[in-house]
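Undergrad: One structure, as structure tokens, below. Some questions next.
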Amino acid sequence: MSIPFTNPLPIPVLGFCAYSGTGKTTLLKQLIPELNRRGVRLAVIKHAHHNFDVDIPGKDSYEMRKAGAKQMLVASHVRWALMTEDAIDSDPELPHLLKQIEADKVDIVLVEGFKKLELPKIELHRAAHGKPFIHTHDDNIQAIACCDDTQLPSELRRLDINNIAQIADYVSEYIAAWKPCPIDLPMAPTCGCELDNSSTLSVRQGIDRILSYVTPLTATESVELDELESRILASDAISPINVPQHINSAMDGYAFKLNDEPNASYKMVGEVMAGYAYDGTLQAGEAVRIMTGAPLPAGADTVQLRELANEQDGEVRFEGKMSLGQHIRQAGEDIAQGATALAAHTRLHAAEQGLLASLGFGELPVFRRPKVAVFSTGDEVCQPGEPLKANCIFDSNRYTIKSMAKKLGCEVIDLGIIQDSEAALAQALKDGAAQADIVISSGGVSVGDADYIKTVLEQVGQINFWRINMRPGRPLAFGQIDDSLFFGLPGNPVAVMVSFLQFVQPAIRKLAGEQNWAPTMVPAITDKPLRSRTGRTEFTRGIYHLAANGKLHVTTSGAQGSGMLSSMVKGNCLIVIGEKDEQLNPGDTVYIQPFADLL
């Protein structure tokens with residue numbers, strides 16, 4: 001029986017497997033010095049099938065360990081060793097052992113034993129021993145080192161078990177060709193071949209289907225710098241100047257032509273403030289006081305810090321080591337004249353606006369804002385600010401949707417609350433489509449309700465009604481009304497926000513002209529057990545924080561009802577539990593979507 005294996009290290013792991021007596025240890029004792037000679041840094045893990053002790057009875061370290069120390073570290077100037085008492089009923093776990101390796105100090109880990117694990121291996125085989133092959137029931141065998149008498153299938157890589165140089169060549173090739181496995185992110189983009197015609201989709205399939213209907217806007221307008229927040233650049237912003245414009249000083253100090261003579265004295269001939277220049281040319285043995293950002297005088301090639309200078313009687317001497325060109329910023333070092341400062345299809349925020357301002361742009365061409373029409377449905381929904389009717393609720397969904405759409409740079413059209421009648425909904429959909437690129441409703445899409453949205457949309461446009469394998473937010477209606485896209489989101493407030501984040505947000509970003517956007521996924525360590533159901537993506541409201549160990553940890557925000565907006569207020573992220581996960585325990589790594597992106 002094979003046992004799954006995941007390499008936790010950023011370096012390759014290669015096993016050597018064989019039946020007892022084949023000579024694994026003998027081969028490794030010859031292979032290791034050959035690889036060392038070639039400059040390969042190695043770590044080796046050996047699986048021992050018996051009780052062993054590497055410490056010597058009577059030594060202090062042995063006595064302390066036997067006295068009860070779970071770990072005992074002994075160190076000298078040439079080596080250190082950590083002995084750990086970790087009695088377990090089964091075999092040791094290789095991923096745990098690998099995590100003890102200092103991966104930054106080795107190029108590969110060679111593993112002797114653990115032949116049942118699904119890790120890449122070289123099989124050793126000697127025909128004279130009469131043992132069966134391992135490769136016939138282990139697809140992880142990469143090559144077989146064997147004797148001349150061994151018969152192998154032609155597709156298997158054959159190595160000479162007695163030719164250490166050839167085996168070392170193979171290990172070197174394996175290191176060069178190895179690539180770490182891609183991170184298995186929840187909702188990772190697919191090749192598209194997973195899409196089918198069923199009405200139940202994964203989150204990723206839902207996103208991909210929606211995006212296939214989105215055509216980016218092409219209309220542009222010229223907008224002043226102050227109004228560019230969250231707009232999408234329509235063409236490359238080409239720098240009209242060098243940044244910095246001149247060769248200048250990176251520090252407050254003194255500029256001069258470096259003299260190789262130690263403890264040289266320089267004559268003070270002036271001062272250069274930021275925004276001004278030194279008119280003359282510095283000669284050998286001359287220096288000027290210079291401020292950060294001030295242009296470097298002609299003739300100067302070095303700047304020394306003010307703190308390392310001794311100025312007296314019109315002369316200055318410098319302390320510390322100096323090198324030619326130190327503390328100088330070259331013209332165009334940040335952005336060269338004629339270079340692309342910002343590429344088209346970039347979303348503009350404070351940093352981008354500041355960069356454009358530093359280049360002297362007063363206005364730039366951007367794509368027009370997407371227009372989004374929003375309405376809520378249901379006779380039970382009341383307008384905030386008005387008296388609450390019996391058996392009714394205040395409308396919160398319209399306000400969360402409008403706020404998120406505005407933050408994405410959309411122009412929002414509020415169609416209000418639409419009563420539960422086919423005629424009213426049909427008119428709202430037509431009005432919204434006539435004015436907007438996207439129409440969004442909330443409520444009226446749950447299976448089994450007297451849901452007019454689906455019926456009316458089939459009359460005025462095209463409808464796709466999907467069940468998404470996710471929680472919260474399982475039902476999703478998506479379709480088209482003339483040239484507009486339609487999203488029918490669930491009625492529960494949290495489900496509305498989660499559905500907007502996962503489905504509406506990528507559609508708006510693509511429509512607006514933003515390219516290659518993907519939601520931020522950050523790894524964090526869960527402090528609480530998390531449960532889901534295999535085949536479903538779970539979005540749990542969470543609170544992440546930087547723990548005392550310097551790592552990002554996350555816990556849930558409390559009760560997770562899909563109608564509890566307080567959980568969104570208390571939380572600062574969504575914990576994304578992927579389709580493959582059913583149970584996550586404290587200490588496991590999860591992925592989170594920080595709210596800072598949009599909320």
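Residue numbering restarts at 1 in every chain; chains get A, B, ... in the order shown in the structure tokens, and ligands count up from 1 in that same order.
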Name the residues in contact with Ala495 of chain A at a cut-off of 10 Å, using only C-alpha atoms, excluding same-chain residues fewer than 6 positions from it; report them as a ChimeraX atom specification.

TA: /A:397,442,470-475,489,501,539,561-565

Undergrad: Write out the residues from the selection above, keeping N, CA and C atoms, as a PDB file, in the first residue's frame.

TA:
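Once everything was written out, this is selection.pdb:
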ATOM      1  N   ASN A 397     -28.968  44.939   1.772  1.00  0.00           N
ATOM      2  CA  ASN A 397     -28.204  44.425   0.634  1.00  0.00           C
ATOM      3  C   ASN A 397     -27.884  45.497  -0.407  1.00  0.00           C
ATOM      4  N   SER A 442     -30.889  41.586  -5.492  1.00  0.00           N
ATOM      5  CA  SER A 442     -30.670  40.656  -4.387  1.00  0.00           C
ATOM      6  C   SER A 442     -32.011  40.118  -3.943  1.00  0.00           C
ATOM      7  N   MET A 470     -20.850  26.189  -2.828  1.00  0.00           N
ATOM      8  CA  MET A 470     -20.192  27.087  -1.887  1.00  0.00           C
ATOM      9  C   MET A 470     -21.144  27.388  -0.739  1.00  0.00           C
ATOM     10  N   ARG A 471     -20.593  27.885   0.330  1.00  0.00           N
ATOM     11  CA  ARG A 471     -21.395  28.372   1.453  1.00  0.00           C
ATOM     12  C   ARG A 471     -20.655  29.525   2.109  1.00  0.00           C
ATOM     13  N   PRO A 472     -21.353  30.647   2.354  1.00  0.00           N
ATOM     14  CA  PRO A 472     -22.738  30.954   1.987  1.00  0.00           C
ATOM     15  C   PRO A 472     -22.831  31.367   0.521  1.00  0.00           C
ATOM     16  N   GLY A 473     -24.077  31.380  -0.016  1.00  0.00           N
ATOM     17  CA  GLY A 473     -24.289  31.906  -1.363  1.00  0.00           C
ATOM     18  C   GLY A 473     -24.486  30.867  -2.426  1.00  0.00           C
ATOM     19  N   ARG A 474     -25.183  29.788  -2.140  1.00  0.00           N
ATOM     20  CA  ARG A 474     -25.324  28.702  -3.105  1.00  0.00           C
ATOM     21  C   ARG A 474     -26.075  29.092  -4.375  1.00  0.00           C
ATOM     22  N   PRO A 475     -27.257  29.744  -4.307  1.00  0.00           N
ATOM     23  CA  PRO A 475     -27.953  30.074  -5.556  1.00  0.00           C
ATOM     24  C   PRO A 475     -27.388  31.334  -6.207  1.00  0.00           C
ATOM     25  N   LEU A 489     -28.326  37.962  -7.021  1.00  0.00           N
ATOM     26  CA  LEU A 489     -27.614  37.466  -5.842  1.00  0.00           C
ATOM     27  C   LEU A 489     -28.605  36.941  -4.812  1.00  0.00           C
ATOM     28  N   LEU A 501     -18.156  39.517  -3.905  1.00  0.00           N
ATOM     29  CA  LEU A 501     -16.691  39.447  -3.903  1.00  0.00           C
ATOM     30  C   LEU A 501     -16.174  38.405  -4.886  1.00  0.00           C
ATOM     31  N   PHE A 539     -16.638  29.777   2.737  1.00  0.00           N
ATOM     32  CA  PHE A 539     -16.103  31.100   3.036  1.00  0.00           C
ATOM     33  C   PHE A 539     -16.504  31.461   4.468  1.00  0.00           C
ATOM     34  N   GLY A 561     -23.741  32.502  10.746  1.00  0.00           N
ATOM     35  CA  GLY A 561     -25.000  32.544  10.019  1.00  0.00           C
ATOM     36  C   GLY A 561     -24.942  33.491   8.838  1.00  0.00           C
ATOM     37  N   SER A 562     -25.579  33.098   7.715  1.00  0.00           N
ATOM     38  CA  SER A 562     -25.475  33.909   6.499  1.00  0.00           C
ATOM     39  C   SER A 562     -26.297  35.191   6.565  1.00  0.00           C
ATOM     40  N   GLY A 563     -27.068  35.343   7.630  1.00  0.00           N
ATOM     41  CA  GLY A 563     -27.793  36.589   7.806  1.00  0.00           C
ATOM     42  C   GLY A 563     -27.149  37.520   8.807  1.00  0.00           C
ATOM     43  N   MET A 564     -25.995  37.132   9.343  1.00  0.00           N
ATOM     44  CA  MET A 564     -25.361  37.888  10.435  1.00  0.00           C
ATOM     45  C   MET A 564     -24.313  38.853   9.887  1.00  0.00           C
ATOM     46  N   LEU A 565     -24.730  40.057   9.532  1.00  0.00           N
ATOM     47  CA  LEU A 565     -23.789  41.051   9.015  1.00  0.00           C
ATOM     48  C   LEU A 565     -22.737  41.439  10.037  1.00  0.00           C
TER      49      LEU A 565
END

Undergrad: If we count only C-alpha atoms, what is near segment 239-256 of chain A at a cut-off of 9 Å, once residues fewer than 2 positions away on the same chain are taken out, given as JSON, numbers by chain?

TA: {"A": [237, 258, 259, 266, 271, 282, 283, 284, 285, 286, 287, 288, 289, 290, 291, 292, 293, 294, 295, 296, 297, 299, 300, 301, 302, 303, 304, 305, 306, 307, 308, 309, 316, 326, 327, 328, 329, 330, 331, 332, 333, 334, 335, 336, 337, 338, 339, 340, 341, 342, 356, 358, 359, 360, 361]}

Undergrad: Enumerate, in order of chain and increasing residue number, the residues of segment 418-507 of chain A with an atom no farther than 9 Å from segment 363-373 of chain A, each with its shortest atom pair and distance in Å to one decimal, counting only C-alpha atoms, as JSON lines.

TA:
{"residue": "A:Asp431", "atom": "CA", "partner": "A:Ala373", "partner_atom": "CA", "distance": 8.9}
{"residue": "A:Gly432", "atom": "CA", "partner": "A:Ala373", "partner_atom": "CA", "distance": 5.4}
{"residue": "A:Ala433", "atom": "CA", "partner": "A:Ala373", "partner_atom": "CA", "distance": 7.8}
{"residue": "A:Gln435", "atom": "CA", "partner": "A:Ala373", "partner_atom": "CA", "distance": 7.5}
{"residue": "A:Ala436", "atom": "CA", "partner": "A:Lys371", "partner_atom": "CA", "distance": 4.7}
{"residue": "A:Asp437", "atom": "CA", "partner": "A:Lys371", "partner_atom": "CA", "distance": 5.2}
{"residue": "A:Ile438", "atom": "CA", "partner": "A:Val372", "partner_atom": "CA", "distance": 4.8}
{"residue": "A:Val439", "atom": "CA", "partner": "A:Ala373", "partner_atom": "CA", "distance": 4.7}
{"residue": "A:Ile440", "atom": "CA", "partner": "A:Ala373", "partner_atom": "CA", "distance": 6.2}
{"residue": "A:Ser441", "atom": "CA", "partner": "A:Ala373", "partner_atom": "CA", "distance": 8.5}

Undergrad: Those same residues - N, CA and C atoms - I'd like them written as a PDB file, in the first residue's frame.

TA:
ATOM      1  N   ASP A 431     -35.487  48.897 -17.302  1.00  0.00           N
ATOM      2  CA  ASP A 431     -34.938  50.218 -16.970  1.00  0.00           C
ATOM      3  C   ASP A 431     -33.453  50.121 -16.635  1.00  0.00           C
ATOM      4  N   GLY A 432     -33.091  49.107 -15.848  1.00  0.00           N
ATOM      5  CA  GLY A 432     -31.693  48.953 -15.473  1.00  0.00           C
ATOM      6  C   GLY A 432     -30.805  48.685 -16.673  1.00  0.00           C
ATOM      7  N   ALA A 433     -31.255  47.790 -17.557  1.00  0.00           N
ATOM      8  CA  ALA A 433     -30.457  47.445 -18.739  1.00  0.00           C
ATOM      9  C   ALA A 433     -30.311  48.619 -19.692  1.00  0.00           C
ATOM     10  N   GLN A 435     -29.943  51.672 -18.842  1.00  0.00           N
ATOM     11  CA  GLN A 435     -29.056  52.686 -18.280  1.00  0.00           C
ATOM     12  C   GLN A 435     -27.663  52.171 -17.920  1.00  0.00           C
ATOM     13  N   ALA A 436     -27.523  50.857 -17.706  1.00  0.00           N
ATOM     14  CA  ALA A 436     -26.306  50.351 -17.072  1.00  0.00           C
ATOM     15  C   ALA A 436     -25.683  49.207 -17.857  1.00  0.00           C
ATOM     16  N   ASP A 437     -24.398  48.967 -17.570  1.00  0.00           N
ATOM     17  CA  ASP A 437     -23.673  47.832 -18.146  1.00  0.00           C
ATOM     18  C   ASP A 437     -23.962  46.548 -17.378  1.00  0.00           C
ATOM     19  N   ILE A 438     -24.245  46.705 -16.083  1.00  0.00           N
ATOM     20  CA  ILE A 438     -24.530  45.564 -15.216  1.00  0.00           C
ATOM     21  C   ILE A 438     -25.751  45.898 -14.366  1.00  0.00           C
ATOM     22  N   VAL A 439     -26.668  44.947 -14.239  1.00  0.00           N
ATOM     23  CA  VAL A 439     -27.823  45.083 -13.359  1.00  0.00           C
ATOM     24  C   VAL A 439     -27.678  44.035 -12.251  1.00  0.00           C
ATOM     25  N   ILE A 440     -27.831  44.473 -11.002  1.00  0.00           N
ATOM     26  CA  ILE A 440     -27.669  43.561  -9.869  1.00  0.00           C
ATOM     27  C   ILE A 440     -28.916  43.634  -8.996  1.00  0.00           C
ATOM     28  N   SER A 441     -29.482  42.454  -8.696  1.00  0.00           N
ATOM     29  CA  SER A 441     -30.590  42.387  -7.747  1.00  0.00           C
ATOM     30  C   SER A 441     -30.183  41.460  -6.607  1.00  0.00           C
TER      31      SER A 441
END

Undergrad: Identify, with DSSP run on backbone atoms, the residues in segment 290-324 of chain A assigned to strand (DSSP E or B), and express the list as a count of residues only.

TA: 15

Undergrad: Can you pull out the residues contacting Pro216 of chain A? Cut-off 6 Å, using only C-alpha atoms, and skip same-chain residues under 4 positions away; I want them as a VMD selection string.

TA: chain A and resid 510 to 511 513

Undergrad: Rank nothing, just name the residue among A:Ser499, A:Leu27, A:Glu63, A:Pro262 nearest to Asp160 of chain A, using only C-alpha atoms.

TA: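 Using only C-alpha atoms, the shortest distance to Asp160 of chain A belongs to A:Leu27.
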
Undergrad: Which residues, written as a list in words, have at least one atom at most 7 Å from Cys146 of chain A, with only C-alpha atoms counted and residues fewer than 3 positions away on the same chain left out?

TA: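 So, after excluding close chain neighbours, the residues are Leu124, His125, Arg126, Thr150, Leu159, Asp160 and Ile161 of chain A.
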
Undergrad: Convert the current residue selection to file output with N, CA and C atoms, as a short mmCIF file (atom, residue, chain, number, x, y, z; two decimals), in the first residue's frame.

TA:
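Writing done, so here's selection.cif:
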data_model
loop_
_atom_site.label_atom_id
_atom_site.label_comp_id
_atom_site.auth_asym_id
_atom_site.auth_seq_id
_atom_site.Cartn_x
_atom_site.Cartn_y
_atom_site.Cartn_z
N LEU A 124 17.05 0.31 -6.51
CA LEU A 124 18.26 -0.48 -6.67
C LEU A 124 17.86 -1.95 -6.80
N HIS A 125 18.45 -2.63 -7.78
CA HIS A 125 18.04 -4.03 -8.02
C HIS A 125 19.24 -4.85 -8.49
N ARG A 126 19.36 -6.03 -7.90
CA ARG A 126 20.39 -6.99 -8.32
C ARG A 126 19.69 -8.29 -8.67
N THR A 150 20.02 -7.65 -15.28
CA THR A 150 18.64 -7.26 -15.03
C THR A 150 17.94 -6.87 -16.32
N LEU A 159 20.23 2.74 -14.99
CA LEU A 159 21.53 3.18 -14.48
C LEU A 159 22.34 1.96 -14.08
N ASP A 160 23.66 2.06 -14.18
CA ASP A 160 24.55 0.98 -13.78
C ASP A 160 24.79 1.08 -12.27
N ILE A 161 24.36 0.08 -11.53
CA ILE A 161 24.48 0.13 -10.07
C ILE A 161 25.93 0.18 -9.61
#

Undergrad: So that I can see what lies close to Leu201 of chain A, please list as a list in words the residues with an atom at most 8 Å from it, counting only C-alpha atoms and leaving out residues fewer than 3 positions away in the same chain.

TA: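 Result of the neighbour search: Ser198, Arg204, Gln205, Gly206, Trp466, Arg467, Ile468 and Asn469 of chain A.
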
Undergrad: Next, the residues of the selection above should be written as a short mmCIF file (atom, residue, chain, number, x, y, z; two decimals), in the first residue's frame with C-alpha atoms.

TA:
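As written to disk, result.cif reads:
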data_model
loop_
_atom_site.label_atom_id
_atom_site.label_comp_id
_atom_site.auth_asym_id
_atom_site.auth_seq_id
_atom_site.Cartn_x
_atom_site.Cartn_y
_atom_site.Cartn_z
CA SER A 198 -24.58 20.88 -15.32
CA ARG A 204 -14.02 28.52 -10.18
CA GLN A 205 -16.35 27.22 -12.88
CA GLY A 206 -18.88 29.93 -12.02
CA TRP A 466 -26.75 27.94 -11.16
CA ARG A 467 -26.25 26.24 -7.88
CA ILE A 468 -22.69 26.99 -6.80
CA ASN A 469 -20.95 24.49 -4.53
#

Undergrad: To test your reading of the structure, identify every residue in segment 352-458 of chain A that backbone DSSP assigns to helix (DSSP H, G or I), and report it as a PyMOL selection string.

TA: chain A and resi 352-358+397-407+422-435+452-458

Undergrad: Please indicate the distance in Å from atom CA of Ala67 of chain A to atom CA of Val54 of chain A, rounded to one decimal place.

TA: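 Atom CA of Val54 of chain A lies at a distance of 16.3 Å from atom CA of Ala67 of chain A.
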
Undergrad: Have a look at atom CA of Gln142 of chain A and atom CA of Asn163 of chain A and let me know their distance in Å, one decimal.

TA: 17.2 Å
